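Enquirer: Sharing data_14.cif, mmCIF, C-alpha atoms and all ligand atoms; chains and numbers go by the auth columns:
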```cif
data_target
#
loop_
_atom_site.group_PDB
_atom_site.id
_atom_site.type_symbol
_atom_site.label_atom_id
_atom_site.label_comp_id
_atom_site.label_asym_id
_atom_site.label_seq_id
_atom_site.Cartn_x
_atom_site.Cartn_y
_atom_site.Cartn_z
_atom_site.B_iso_or_equiv
_atom_site.auth_seq_id
_atom_site.auth_asym_id
ATOM 1 C CA MET A 1 21.548 147.990 -150.583 0.00 1 A
ATOM 2 C CA PRO A 2 17.969 147.487 -149.309 0.00 2 A
ATOM 3 C CA TRP A 3 16.914 148.754 -145.891 0.00 3 A
ATOM 4 C CA THR A 4 17.509 146.014 -143.323 0.00 4 A
ATOM 5 C CA ALA A 5 15.423 145.028 -140.315 0.00 5 A
ATOM 6 C CA CYS A 6 16.731 142.568 -137.755 0.00 6 A
ATOM 7 C CA VAL A 7 14.428 141.543 -134.908 0.00 7 A
ATOM 8 C CA LEU A 8 15.785 140.020 -131.707 0.00 8 A
ATOM 9 C CA THR A 9 12.997 138.006 -130.147 0.00 9 A
ATOM 10 C CA LEU A 10 12.040 134.892 -128.245 0.00 10 A
ATOM 11 C CA PHE A 11 9.330 134.365 -130.893 0.00 11 A
ATOM 12 C CA PRO A 12 10.921 134.612 -134.370 0.00 12 A
ATOM 13 C CA GLU A 13 7.944 132.681 -135.796 0.00 13 A
ATOM 14 C CA MET A 14 5.822 135.830 -135.261 0.00 14 A
ATOM 15 C CA PHE A 15 7.641 137.431 -138.245 0.00 15 A
ATOM 16 C CA PRO A 16 6.970 138.545 -140.897 0.00 16 A
ATOM 17 C CA GLY A 17 3.340 138.028 -139.756 0.00 17 A
ATOM 18 C CA MET A 18 1.361 141.074 -140.881 0.00 18 A
ATOM 19 C CA LEU A 19 4.487 142.474 -142.509 0.00 19 A
ATOM 20 C CA GLY A 20 4.308 139.720 -145.124 0.00 20 A
ATOM 21 C CA HIS A 21 1.065 141.159 -146.543 0.00 21 A
ATOM 22 C CA SER A 22 -0.137 144.043 -148.695 0.00 22 A
ATOM 23 C CA LEU A 23 2.259 146.825 -149.765 0.00 23 A
ATOM 24 C CA VAL A 24 4.834 146.165 -147.036 0.00 24 A
ATOM 25 C CA GLY A 25 4.815 142.439 -147.842 0.00 25 A
ATOM 26 C CA ARG A 26 5.180 143.160 -151.550 0.00 26 A
ATOM 27 C CA GLY A 27 8.118 145.422 -150.712 0.00 27 A
ATOM 28 C CA LEU A 28 9.706 142.506 -148.862 0.00 28 A
ATOM 29 C CA GLU A 29 9.142 140.157 -151.808 0.00 29 A
ATOM 30 C CA GLU A 30 10.580 142.732 -154.214 0.00 30 A
ATOM 31 C CA GLY A 31 13.691 143.118 -152.058 0.00 31 A
ATOM 32 C CA ARG A 32 13.062 146.772 -151.150 0.00 32 A
ATOM 33 C CA TRP A 33 13.758 145.786 -147.545 0.00 33 A
ATOM 34 C CA THR A 34 15.007 142.660 -145.815 0.00 34 A
ATOM 35 C CA LEU A 35 13.858 141.009 -142.611 0.00 35 A
ATOM 36 C CA ASP A 36 16.056 138.855 -140.407 0.00 36 A
ATOM 37 C CA THR A 37 15.254 137.434 -136.977 0.00 37 A
ATOM 38 C CA ILE A 38 17.556 136.302 -134.208 0.00 38 A
ATOM 39 C CA GLN A 39 16.328 133.867 -131.557 0.00 39 A
ATOM 40 C CA ILE A 40 17.520 135.302 -128.240 0.00 40 A
ATOM 41 C CA ARG A 41 17.300 131.852 -126.644 0.00 41 A
ATOM 42 C CA ASP A 42 20.157 130.658 -128.881 0.00 42 A
ATOM 43 C CA PHE A 43 22.478 132.711 -126.647 0.00 43 A
ATOM 44 C CA ALA A 44 21.422 131.057 -123.403 0.00 44 A
ATOM 45 C CA GLN A 45 24.392 129.812 -121.409 0.00 45 A
ATOM 46 C CA ASP A 46 22.987 126.739 -119.677 0.00 46 A
ATOM 47 C CA LYS A 47 21.671 123.349 -120.735 0.00 47 A
ATOM 48 C CA HIS A 48 18.065 124.410 -120.027 0.00 48 A
ATOM 49 C CA ASN A 49 18.379 127.386 -122.404 0.00 49 A
ATOM 50 C CA THR A 50 17.316 129.776 -119.655 0.00 50 A
ATOM 51 C CA VAL A 51 16.790 133.372 -120.794 0.00 51 A
ATOM 52 C CA ASP A 52 15.245 134.928 -117.656 0.00 52 A
ATOM 53 C CA ASP A 53 15.633 135.003 -113.916 0.00 53 A
ATOM 54 C CA THR A 54 13.910 136.419 -110.846 0.00 54 A
ATOM 55 C CA PRO A 55 14.188 140.180 -110.227 0.00 55 A
ATOM 56 C CA CYS A 56 16.871 141.285 -107.778 0.00 56 A
ATOM 57 C CA GLY A 57 15.126 142.970 -104.868 0.00 57 A
ATOM 58 C CA GLY A 58 12.060 140.770 -105.269 0.00 58 A
ATOM 59 C CA GLY A 59 8.726 141.421 -106.896 0.00 59 A
ATOM 60 C CA ALA A 60 6.543 139.779 -109.482 0.00 60 A
ATOM 61 C CA GLY A 61 7.620 138.447 -112.857 0.00 61 A
ATOM 62 C CA MET A 62 10.945 137.598 -114.436 0.00 62 A
ATOM 63 C CA VAL A 63 13.693 139.646 -116.068 0.00 63 A
ATOM 64 C CA MET A 64 15.653 138.795 -119.227 0.00 64 A
ATOM 65 C CA ARG A 65 19.288 138.053 -118.379 0.00 65 A
ATOM 66 C CA PRO A 66 21.957 140.511 -119.562 0.00 66 A
ATOM 67 C CA ASP A 67 24.442 137.863 -120.735 0.00 67 A
ATOM 68 C CA VAL A 68 21.825 136.204 -122.965 0.00 68 A
ATOM 69 C CA VAL A 69 20.411 139.430 -124.435 0.00 69 A
ATOM 70 C CA THR A 70 23.886 140.808 -125.130 0.00 70 A
ATOM 71 C CA GLY A 71 24.830 137.623 -126.982 0.00 71 A
ATOM 72 C CA GLY A 72 21.934 138.288 -129.361 0.00 72 A
ATOM 73 C CA LEU A 73 22.737 141.987 -129.687 0.00 73 A
ATOM 74 C CA ASP A 74 26.381 141.279 -130.530 0.00 74 A
ATOM 75 C CA GLU A 75 25.332 138.831 -133.234 0.00 75 A
ATOM 76 C CA ALA A 76 22.889 141.391 -134.696 0.00 76 A
ATOM 77 C CA ALA A 77 25.580 144.110 -134.700 0.00 77 A
ATOM 78 C CA LYS A 78 27.983 141.733 -136.443 0.00 78 A
ATOM 79 C CA ARG A 79 25.421 141.089 -139.178 0.00 79 A
ATOM 80 C CA TYR A 80 24.222 144.720 -139.465 0.00 80 A
ATOM 81 C CA PRO A 81 26.998 147.018 -138.217 0.00 81 A
ATOM 82 C CA LEU A 82 25.363 150.215 -139.556 0.00 82 A
ATOM 83 C CA ALA A 83 21.828 149.581 -138.322 0.00 83 A
ATOM 84 C CA LYS A 84 20.304 151.684 -135.532 0.00 84 A
ATOM 85 C CA LYS A 85 19.636 149.733 -132.349 0.00 85 A
ATOM 86 C CA VAL A 86 16.251 150.090 -130.689 0.00 86 A
ATOM 87 C CA PHE A 87 14.830 148.536 -127.537 0.00 87 A
ATOM 88 C CA LEU A 88 11.032 148.594 -127.581 0.00 88 A
ATOM 89 C CA THR A 89 9.775 149.500 -124.140 0.00 89 A
ATOM 90 C CA PRO A 90 6.903 151.465 -122.587 0.00 90 A
ATOM 91 C CA ARG A 91 9.621 153.486 -120.824 0.00 91 A
ATOM 92 C CA GLY A 92 11.037 154.717 -124.133 0.00 92 A
ATOM 93 C CA ARG A 93 10.530 158.014 -125.937 0.00 93 A
ATOM 94 C CA PRO A 94 7.240 157.959 -127.889 0.00 94 A
ATOM 95 C CA LEU A 95 7.481 156.842 -131.521 0.00 95 A
ATOM 96 C CA THR A 96 6.606 159.782 -133.774 0.00 96 A
ATOM 97 C CA GLN A 97 6.437 160.212 -137.543 0.00 97 A
ATOM 98 C CA GLU A 98 9.633 162.268 -137.272 0.00 98 A
ATOM 99 C CA LYS A 99 11.428 159.353 -135.599 0.00 99 A
ATOM 100 C CA VAL A 100 9.982 156.966 -138.192 0.00 100 A
ATOM 101 C CA HIS A 101 11.512 159.110 -140.970 0.00 101 A
ATOM 102 C CA GLU A 102 14.860 159.122 -139.161 0.00 102 A
ATOM 103 C CA LEU A 103 14.877 155.322 -138.840 0.00 103 A
ATOM 104 C CA ALA A 104 13.696 154.795 -142.423 0.00 104 A
ATOM 105 C CA GLU A 105 16.555 157.000 -143.653 0.00 105 A
ATOM 106 C CA ALA A 106 19.139 154.954 -141.717 0.00 106 A
ATOM 107 C CA PRO A 107 20.659 151.830 -143.361 0.00 107 A
ATOM 108 C CA GLY A 108 18.398 149.705 -141.167 0.00 108 A
ATOM 109 C CA VAL A 109 17.280 148.848 -137.643 0.00 109 A
ATOM 110 C CA ILE A 110 17.975 146.200 -135.028 0.00 110 A
ATOM 111 C CA LEU A 111 14.899 145.826 -132.835 0.00 111 A
ATOM 112 C CA LEU A 112 15.167 144.226 -129.419 0.00 112 A
ATOM 113 C CA CYS A 113 11.842 142.826 -128.189 0.00 113 A
ATOM 114 C CA GLY A 114 11.403 142.374 -124.474 0.00 114 A
ATOM 115 C CA ARG A 115 9.222 139.801 -122.720 0.00 115 A
ATOM 116 C CA TYR A 116 8.377 139.221 -119.044 0.00 116 A
ATOM 117 C CA GLU A 117 9.131 142.409 -117.020 0.00 117 A
ATOM 118 C CA GLY A 118 11.719 143.494 -119.588 0.00 118 A
ATOM 119 C CA ILE A 119 15.506 143.265 -119.771 0.00 119 A
ATOM 120 C CA ASP A 120 18.242 143.747 -117.167 0.00 120 A
ATOM 121 C CA GLN A 121 19.096 147.476 -117.021 0.00 121 A
ATOM 122 C CA ARG A 122 22.804 146.754 -117.404 0.00 122 A
ATOM 123 C CA VAL A 123 22.277 145.819 -121.065 0.00 123 A
ATOM 124 C CA LEU A 124 21.104 149.385 -121.726 0.00 124 A
ATOM 125 C CA ASP A 125 23.891 150.886 -119.616 0.00 125 A
ATOM 126 C CA GLU A 126 26.487 148.784 -121.420 0.00 126 A
ATOM 127 C CA HIS A 127 25.232 149.517 -124.959 0.00 127 A
ATOM 128 C CA ASP A 128 24.744 153.284 -124.923 0.00 128 A
ATOM 129 C CA ASP A 129 23.876 153.288 -128.634 0.00 129 A
ATOM 130 C CA ILE A 130 20.534 151.589 -127.962 0.00 130 A
ATOM 131 C CA GLU A 131 17.565 153.931 -128.244 0.00 131 A
ATOM 132 C CA GLU A 132 14.527 153.131 -126.091 0.00 132 A
ATOM 133 C CA ILE A 133 11.255 153.653 -127.978 0.00 133 A
ATOM 134 C CA SER A 134 7.638 153.235 -126.885 0.00 134 A
ATOM 135 C CA ILE A 135 4.711 152.872 -129.267 0.00 135 A
ATOM 136 C CA GLY A 136 2.252 154.346 -126.772 0.00 136 A
ATOM 137 C CA ASP A 137 1.189 154.769 -123.185 0.00 137 A
ATOM 138 C CA TYR A 138 -0.017 151.232 -122.559 0.00 138 A
ATOM 139 C CA VAL A 139 1.691 147.938 -121.738 0.00 139 A
ATOM 140 C CA LEU A 140 1.871 145.105 -124.256 0.00 140 A
ATOM 141 C CA SER A 141 2.795 141.542 -123.370 0.00 141 A
ATOM 142 C CA GLY A 142 5.882 141.650 -125.585 0.00 142 A
ATOM 143 C CA GLY A 143 7.899 143.837 -127.914 0.00 143 A
ATOM 144 C CA GLU A 144 7.008 141.898 -131.087 0.00 144 A
ATOM 145 C CA SER A 145 3.783 143.778 -131.813 0.00 145 A
ATOM 146 C CA ALA A 146 5.593 147.074 -131.128 0.00 146 A
ATOM 147 C CA ALA A 147 8.360 146.006 -133.552 0.00 147 A
ATOM 148 C CA THR A 148 5.713 145.210 -136.164 0.00 148 A
ATOM 149 C CA VAL A 149 4.177 148.682 -135.766 0.00 149 A
ATOM 150 C CA LEU A 150 7.556 150.398 -136.044 0.00 150 A
ATOM 151 C CA LEU A 151 8.562 148.369 -139.109 0.00 151 A
ATOM 152 C CA ASP A 152 5.242 148.948 -140.879 0.00 152 A
ATOM 153 C CA ALA A 153 5.578 152.705 -140.349 0.00 153 A
ATOM 154 C CA CYS A 154 9.192 152.757 -141.604 0.00 154 A
ATOM 155 C CA VAL A 155 8.833 150.414 -144.562 0.00 155 A
ATOM 156 C CA ARG A 156 5.928 152.333 -146.109 0.00 156 A
ATOM 157 C CA LEU A 157 8.266 155.338 -146.379 0.00 157 A
ATOM 158 C CA LEU A 158 10.943 153.427 -148.312 0.00 158 A
ATOM 159 C CA PRO A 159 11.238 154.328 -152.003 0.00 159 A
ATOM 160 C CA GLY A 160 8.945 152.277 -154.215 0.00 160 A
ATOM 161 C CA VAL A 161 6.942 150.630 -151.408 0.00 161 A
ATOM 162 C CA ILE A 162 3.942 152.921 -151.810 0.00 162 A
ATOM 163 C CA GLY A 163 3.375 153.656 -155.475 0.00 163 A
ATOM 164 C CA LYS A 164 2.857 157.416 -155.453 0.00 164 A
ATOM 165 C CA GLU A 165 5.413 159.022 -153.161 0.00 165 A
ATOM 166 C CA ALA A 166 3.348 162.213 -153.123 0.00 166 A
ATOM 167 C CA SER A 167 0.738 160.300 -151.152 0.00 167 A
ATOM 168 C CA HIS A 168 2.822 160.769 -147.960 0.00 168 A
ATOM 169 C CA GLU A 169 2.788 164.551 -148.131 0.00 169 A
ATOM 170 C CA ASP A 170 -0.751 165.197 -146.872 0.00 170 A
ATOM 171 C CA GLU A 171 -0.768 162.400 -144.344 0.00 171 A
ATOM 172 C CA SER A 172 -1.323 162.940 -140.657 0.00 172 A
ATOM 173 C CA PHE A 173 1.755 164.341 -138.859 0.00 173 A
ATOM 174 C CA GLU A 174 3.716 165.101 -142.043 0.00 174 A
ATOM 175 C CA ALA A 175 2.969 168.834 -141.958 0.00 175 A
ATOM 176 C CA GLY A 176 2.306 168.946 -138.209 0.00 176 A
ATOM 177 C CA LEU A 177 -1.449 168.405 -138.634 0.00 177 A
ATOM 178 C CA LEU A 178 -3.842 165.459 -138.627 0.00 178 A
ATOM 179 C CA GLU A 179 -5.233 164.672 -142.062 0.00 179 A
ATOM 180 C CA TYR A 180 -8.445 166.131 -143.508 0.00 180 A
ATOM 181 C CA PRO A 181 -11.480 163.799 -144.026 0.00 181 A
ATOM 182 C CA HIS A 182 -11.761 161.689 -147.195 0.00 182 A
ATOM 183 C CA TYR A 183 -14.823 160.969 -149.353 0.00 183 A
ATOM 184 C CA THR A 184 -15.492 158.791 -152.369 0.00 184 A
ATOM 185 C CA ARG A 185 -18.538 157.679 -154.400 0.00 185 A
ATOM 186 C CA PRO A 186 -21.509 157.512 -154.105 0.00 186 A
ATOM 187 C CA ARG A 187 -22.175 161.231 -153.988 0.00 187 A
ATOM 188 C CA VAL A 188 -25.044 160.700 -151.528 0.00 188 A
ATOM 189 C CA TRP A 189 -24.937 157.802 -149.085 0.00 189 A
ATOM 190 C CA ARG A 190 -27.683 157.268 -146.480 0.00 190 A
ATOM 191 C CA GLY A 191 -28.679 160.878 -146.998 0.00 191 A
ATOM 192 C CA ARG A 192 -25.140 162.136 -146.343 0.00 192 A
ATOM 193 C CA GLU A 193 -23.609 164.210 -149.133 0.00 193 A
ATOM 194 C CA VAL A 194 -20.014 164.594 -150.207 0.00 194 A
ATOM 195 C CA PRO A 195 -19.040 168.240 -149.438 0.00 195 A
ATOM 196 C CA GLU A 196 -19.852 170.321 -152.525 0.00 196 A
ATOM 197 C CA VAL A 197 -16.407 171.886 -152.756 0.00 197 A
ATOM 198 C CA LEU A 198 -14.795 168.469 -153.366 0.00 198 A
ATOM 199 C CA LEU A 199 -16.950 168.045 -156.479 0.00 199 A
ATOM 200 C CA SER A 200 -16.289 171.584 -157.739 0.00 200 A
ATOM 201 C CA GLY A 201 -13.103 170.748 -159.626 0.00 201 A
ATOM 202 C CA HIS A 202 -11.675 173.995 -158.209 0.00 202 A
ATOM 203 C CA HIS A 203 -8.197 172.902 -157.122 0.00 203 A
ATOM 204 C CA GLU A 204 -7.358 175.895 -154.929 0.00 204 A
ATOM 205 C CA LYS A 205 -10.697 175.839 -153.115 0.00 205 A
ATOM 206 C CA ILE A 206 -10.263 172.122 -152.470 0.00 206 A
ATOM 207 C CA LEU A 207 -6.765 172.680 -151.049 0.00 207 A
ATOM 208 C CA SER A 208 -8.035 175.471 -148.839 0.00 208 A
ATOM 209 C CA TRP A 209 -11.015 173.398 -147.592 0.00 209 A
ATOM 210 C CA ARG A 210 -8.739 170.481 -146.779 0.00 210 A
ATOM 211 C CA LYS A 211 -6.309 172.679 -144.888 0.00 211 A
ATOM 212 C CA THR A 212 -9.099 174.242 -142.832 0.00 212 A
ATOM 213 C CA GLN A 213 -10.473 170.778 -142.011 0.00 213 A
ATOM 214 C CA ALA A 214 -7.026 169.495 -141.038 0.00 214 A
ATOM 215 C CA GLN A 215 -6.536 172.499 -138.753 0.00 215 A
ATOM 216 C CA ARG A 216 -9.991 172.112 -137.176 0.00 216 A
ATOM 217 C CA ILE A 217 -9.523 168.389 -136.495 0.00 217 A
ATOM 218 C CA THR A 218 -6.032 168.902 -135.074 0.00 218 A
ATOM 219 C CA GLN A 219 -7.195 171.733 -132.823 0.00 219 A
ATOM 220 C CA GLU A 220 -10.136 169.658 -131.535 0.00 220 A
ATOM 221 C CA ARG A 221 -8.347 166.356 -131.046 0.00 221 A
ATOM 222 C CA ARG A 222 -4.690 167.103 -130.434 0.00 222 A
ATOM 223 C CA PRO A 223 -4.089 170.358 -128.595 0.00 223 A
ATOM 224 C CA ASP A 224 -0.420 169.328 -128.196 0.00 224 A
ATOM 225 C CA LEU A 225 0.104 169.124 -131.975 0.00 225 A
ATOM 226 C CA TRP A 226 -1.947 172.264 -132.544 0.00 226 A
ATOM 227 C CA GLU A 227 0.166 174.286 -130.141 0.00 227 A
ATOM 228 C CA ARG A 228 3.381 173.163 -131.835 0.00 228 A
ATOM 229 C CA TYR A 229 1.913 173.856 -135.305 0.00 229 A
ATOM 230 C CA CYS A 230 0.887 177.403 -134.301 0.00 230 A
ATOM 231 C CA LYS A 231 4.356 178.072 -132.862 0.00 231 A
ATOM 232 C CA GLU A 232 6.008 176.846 -136.079 0.00 232 A
ATOM 233 C CA ILE A 233 3.716 179.007 -138.227 0.00 233 A
ATOM 234 C CA LYS A 234 4.526 182.050 -136.068 0.00 234 A
ATOM 235 C CA GLY A 235 8.255 181.204 -136.167 0.00 235 A
ATOM 236 C CA SER A 236 8.303 181.013 -139.955 0.00 236 A
ATOM 237 C CA ALA A 237 6.233 184.204 -140.461 0.00 237 A
HETATM 238 N N1 LIG B . 7.488 145.866 -116.836 0.00 301 B
HETATM 239 C C1 LIG B . 7.468 146.699 -117.996 0.00 301 B
HETATM 240 C C2 LIG B . 6.987 148.112 -117.637 0.00 301 B
HETATM 241 O O1 LIG B . 6.133 148.247 -116.765 0.00 301 B
HETATM 242 O O2 LIG B . 7.482 149.086 -118.241 0.00 301 B
HETATM 243 C C3 LIG B . 6.547 146.126 -119.063 0.00 301 B
HETATM 244 C C4 LIG B . 7.063 144.865 -119.658 0.00 301 B
HETATM 245 S S1 LIG B . 6.038 144.273 -120.956 0.00 301 B
HETATM 246 C C5 LIG B . 4.997 143.170 -120.099 0.00 301 B
HETATM 247 C C6 LIG B . 7.092 143.199 -121.867 0.00 301 B
HETATM 248 C C7 LIG B . 7.755 143.826 -123.078 0.00 301 B
HETATM 249 O O3 LIG B . 6.760 144.281 -123.973 0.00 301 B
HETATM 250 C C8 LIG B . 8.637 145.023 -122.821 0.00 301 B
HETATM 251 O O4 LIG B . 9.929 144.679 -122.374 0.00 301 B
HETATM 252 C C9 LIG B . 8.665 145.672 -124.194 0.00 301 B
HETATM 253 O O5 LIG B . 9.638 145.088 -125.025 0.00 301 B
HETATM 254 C C10 LIG B . 7.274 145.365 -124.743 0.00 301 B
HETATM 255 N N2 LIG B . 6.346 146.497 -124.626 0.00 301 B
HETATM 256 C C11 LIG B . 5.269 146.576 -123.819 0.00 301 B
HETATM 257 N N3 LIG B . 4.615 147.727 -123.979 0.00 301 B
HETATM 258 C C12 LIG B . 5.272 148.422 -124.932 0.00 301 B
HETATM 259 C C13 LIG B . 5.086 149.700 -125.511 0.00 301 B
HETATM 260 N N4 LIG B . 4.087 150.499 -125.155 0.00 301 B
HETATM 261 N N5 LIG B . 5.958 150.096 -126.464 0.00 301 B
HETATM 262 C C14 LIG B . 6.982 149.309 -126.831 0.00 301 B
HETATM 263 N N6 LIG B . 7.220 148.079 -126.298 0.00 301 B
HETATM 264 C C15 LIG B . 6.386 147.637 -125.356 0.00 301 B
#
```
Can you dump the structure from the file as structure tokens?
Expert:
Amino acid sequence: MPWTACVLTLFPEMFPGMLGHSLVGRGLEEGRWTLDTIQIRDFAQDKHNTVDDTPCGGGAGMVMRPDVVTGGLDEAAKRYPLAKKVFLTPRGRPLTQEKVHELAEAPGVILLCGRYEGIDQRVLDEHDDIEEISIGDYVLSGGESAATVLLDACVRLLPGVIGKEASHEDESFEAGLLEYPHYTRPRVWRGREVPEVLLSGHHEKILSWRKTQAQRITQERRPDLWERYCKEIKGSA
């Protein structure tokens, strides 16, 4: 069974979008994963197909109605009973590579994309198996771009999507560090040389140089990751 993605959205025409291209798109064509969309508006209860209403208590913007959103969620769960349910929201826990692995190892995901000010809280209270995930500390106009980011990150981990599976191992976050810098030909470009060690052919020295670079970059740019990495190293010593 391929990994399944089901996106609940008011804009199904936004998919596959970017996900139809390059390695992830080829994976879709080859059936390594499947993509389904559900139009939330199809579950509207009135003749105007209304999906939102004004916020109780006042304030700007509109809120997606619980009856309409739940109609879509129930349909998605019927189609994909084993998939993990995710609501994309800036209020969610941050998406990490660890979470991406967890979702990619599940049978699939159901992704609920909000619009307007978001969805009625009672949907989340009612469905306690929905995980709230944020792709970063900024506010997007809708959950579709966040869903695209999450799917791209998951799909590239699926078997066969990226040719050489070993290519994940050194990537940023996989071993708790950011990745070391890369170089290719030409050997000298605008007076800048490729570090000598990378041309030495000495495998161990190259590994050691890369590790030192990864540690330096992580320490400089992400003190939070560096602290965790140092704790893990100490813990395993
Ligand atoms: N009023 C909400 C708040 O302040 O938290 C923001 C709503 S936003 C305009 C509309 C939708 O975009 C959200 O319901 C969510 O689905 C999506 N969204 C916006 N920023 C996001 C983020 N950083 N991560 C994931 N989804 C996001």
Enquirer: Give me the box for ligand LIG 301 (chain B) as JSON, namely the centre and edge lengths in Å to one decimal of a box along x, y and z that holds every listed atom plus 3 Å on each side.
Expert:
```
{"center_x": 7.0, "center_y": 146.8, "center_z": -121.8, "size_x": 11.8, "size_y": 13.3, "size_z": 16.1}
```
Enquirer: Select the residues contacting ligand LIG 301 (chain B) at a distance of at most 10 Å, based on all atoms listed in the file, then format the selection as a PDB file with C-alpha atoms, in the frame of the given file.
Expert:
```pdb
ATOM      1  CA  THR A   9      12.997 138.006-130.147  1.00  0.00           C
ATOM      2  CA  ALA A  60       6.543 139.779-109.482  1.00  0.00           C
ATOM      3  CA  GLY A  61       7.620 138.447-112.857  1.00  0.00           C
ATOM      4  CA  MET A  62      10.945 137.598-114.436  1.00  0.00           C
ATOM      5  CA  VAL A  63      13.693 139.646-116.068  1.00  0.00           C
ATOM      6  CA  MET A  64      15.653 138.795-119.227  1.00  0.00           C
ATOM      7  CA  PHE A  87      14.830 148.536-127.537  1.00  0.00           C
ATOM      8  CA  LEU A  88      11.032 148.594-127.581  1.00  0.00           C
ATOM      9  CA  THR A  89       9.775 149.500-124.140  1.00  0.00           C
ATOM     10  CA  PRO A  90       6.903 151.465-122.587  1.00  0.00           C
ATOM     11  CA  ARG A  91       9.621 153.486-120.824  1.00  0.00           C
ATOM     12  CA  GLY A  92      11.037 154.717-124.133  1.00  0.00           C
ATOM     13  CA  ARG A  93      10.530 158.014-125.937  1.00  0.00           C
ATOM     14  CA  PRO A  94       7.240 157.959-127.889  1.00  0.00           C
ATOM     15  CA  LEU A  95       7.481 156.842-131.521  1.00  0.00           C
ATOM     16  CA  LEU A 111      14.899 145.826-132.835  1.00  0.00           C
ATOM     17  CA  LEU A 112      15.167 144.226-129.419  1.00  0.00           C
ATOM     18  CA  CYS A 113      11.842 142.826-128.189  1.00  0.00           C
ATOM     19  CA  GLY A 114      11.403 142.374-124.474  1.00  0.00           C
ATOM     20  CA  ARG A 115       9.222 139.801-122.720  1.00  0.00           C
ATOM     21  CA  TYR A 116       8.377 139.221-119.044  1.00  0.00           C
ATOM     22  CA  GLU A 117       9.131 142.409-117.020  1.00  0.00           C
ATOM     23  CA  GLY A 118      11.719 143.494-119.588  1.00  0.00           C
ATOM     24  CA  ILE A 119      15.506 143.265-119.771  1.00  0.00           C
ATOM     25  CA  ASP A 120      18.242 143.747-117.167  1.00  0.00           C
ATOM     26  CA  GLU A 132      14.527 153.131-126.091  1.00  0.00           C
ATOM     27  CA  ILE A 133      11.255 153.653-127.978  1.00  0.00           C
ATOM     28  CA  SER A 134       7.638 153.235-126.885  1.00  0.00           C
ATOM     29  CA  ILE A 135       4.711 152.872-129.267  1.00  0.00           C
ATOM     30  CA  GLY A 136       2.252 154.346-126.772  1.00  0.00           C
ATOM     31  CA  ASP A 137       1.189 154.769-123.185  1.00  0.00           C
ATOM     32  CA  TYR A 138      -0.017 151.232-122.559  1.00  0.00           C
ATOM     33  CA  VAL A 139       1.691 147.938-121.738  1.00  0.00           C
ATOM     34  CA  LEU A 140       1.871 145.105-124.256  1.00  0.00           C
ATOM     35  CA  SER A 141       2.795 141.542-123.370  1.00  0.00           C
ATOM     36  CA  GLY A 142       5.882 141.650-125.585  1.00  0.00           C
ATOM     37  CA  GLY A 143       7.899 143.837-127.914  1.00  0.00           C
ATOM     38  CA  GLU A 144       7.008 141.898-131.087  1.00  0.00           C
ATOM     39  CA  SER A 145       3.783 143.778-131.813  1.00  0.00           C
ATOM     40  CA  ALA A 146       5.593 147.074-131.128  1.00  0.00           C
ATOM     41  CA  ALA A 147       8.360 146.006-133.552  1.00  0.00           C
ATOM     42  CA  VAL A 149       4.177 148.682-135.766  1.00  0.00           C
ATOM     43  CA  LEU A 150       7.556 150.398-136.044  1.00  0.00           C
TER      44      LEU A 150
END
```
Enquirer: Could you list the residues chosen by the PyMOL selection byres (((chain A and resi 50) around 12) and not hetatm) in this structure as an NGL selection string?
Expert: :A and (10 or 40-49 or 51-54 or 62-69)
Enquirer: Give me, please, the distance in Å between CA of Trp209 (chain A) and CA of Tyr180 (chain A), quoted to one decimal.
Expert: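 Value for the CA of Trp209 (chain A)-CA of Tyr180 (chain A) distance: 8.7 Å.
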Enquirer: What is the distance, in Å and to one decimal place, between CA of Trp189 (chain A) and CA of Asp170 (chain A)?
Expert: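 The value is 25.4 Å.
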Enquirer: Please tabulate, as JSON lines, the residues of region 52-114 of chain A that come within 10 Å of region 154-169 of chain A, each with its closest pair of atoms and the distance in Å to one decimal, counting all atoms listed in the file and ordering rows by chain, then residue number upward.
Expert:
```
{"residue": "A:Gln97", "atom": "CA", "partner": "A:Cys154", "partner_atom": "CA", "distance": 8.9}
{"residue": "A:Lys99", "atom": "CA", "partner": "A:Cys154", "partner_atom": "CA", "distance": 9.2}
{"residue": "A:Val100", "atom": "CA", "partner": "A:Cys154", "partner_atom": "CA", "distance": 5.5}
{"residue": "A:His101", "atom": "CA", "partner": "A:Cys154", "partner_atom": "CA", "distance": 6.8}
{"residue": "A:Glu102", "atom": "CA", "partner": "A:Cys154", "partner_atom": "CA", "distance": 8.9}
{"residue": "A:Leu103", "atom": "CA", "partner": "A:Cys154", "partner_atom": "CA", "distance": 6.8}
{"residue": "A:Ala104", "atom": "CA", "partner": "A:Cys154", "partner_atom": "CA", "distance": 5.0}
{"residue": "A:Glu105", "atom": "CA", "partner": "A:Leu158", "partner_atom": "CA", "distance": 8.1}
{"residue": "A:Gly108", "atom": "CA", "partner": "A:Cys154", "partner_atom": "CA", "distance": 9.7}
{"residue": "A:Val109", "atom": "CA", "partner": "A:Cys154", "partner_atom": "CA", "distance": 9.8}
```
Enquirer: Counting only C-alpha atoms, figure out which residue out of A:Ala153, A:Leu8, A:Lys231, A:Leu225 gets nearest to Gly71 (chain A).
Expert: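 That would be A:Leu8, the residue with the smallest distance to Gly71 (chain A).
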Enquirer: Here is a test: counting all atoms listed in the file, which residue of A:Glu126, A:His203, A:Tyr229, A:Arg210 is nearest to His182 (chain A)?
Expert: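 Closest residue, counting all atoms listed in the file: A:Arg210.
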Enquirer: Quote the spacing between CA of Arg228 (chain A) and CA of Gln215 (chain A) in Å to one decimal place.
Expert: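 These two atoms are separated by 12.1 Å.
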Enquirer: Mind listing as a ChimeraX atom specification all residues within 12 Å of (0.6, 174.7, -134.8), counting only C-alpha atoms?
Expert: /A:173,175-178,214-216,218-219,222-236
Enquirer: Would you kindly identify which residues have an atom no farther than 9 Å from (13.2, 142.0, -138.0), using only C-alpha atoms and the file's own coordinates, and write them out as a PyMOL selection string?
Expert: chain A and resi 4-9+12+15-16+34-38+109-111+147-148+151
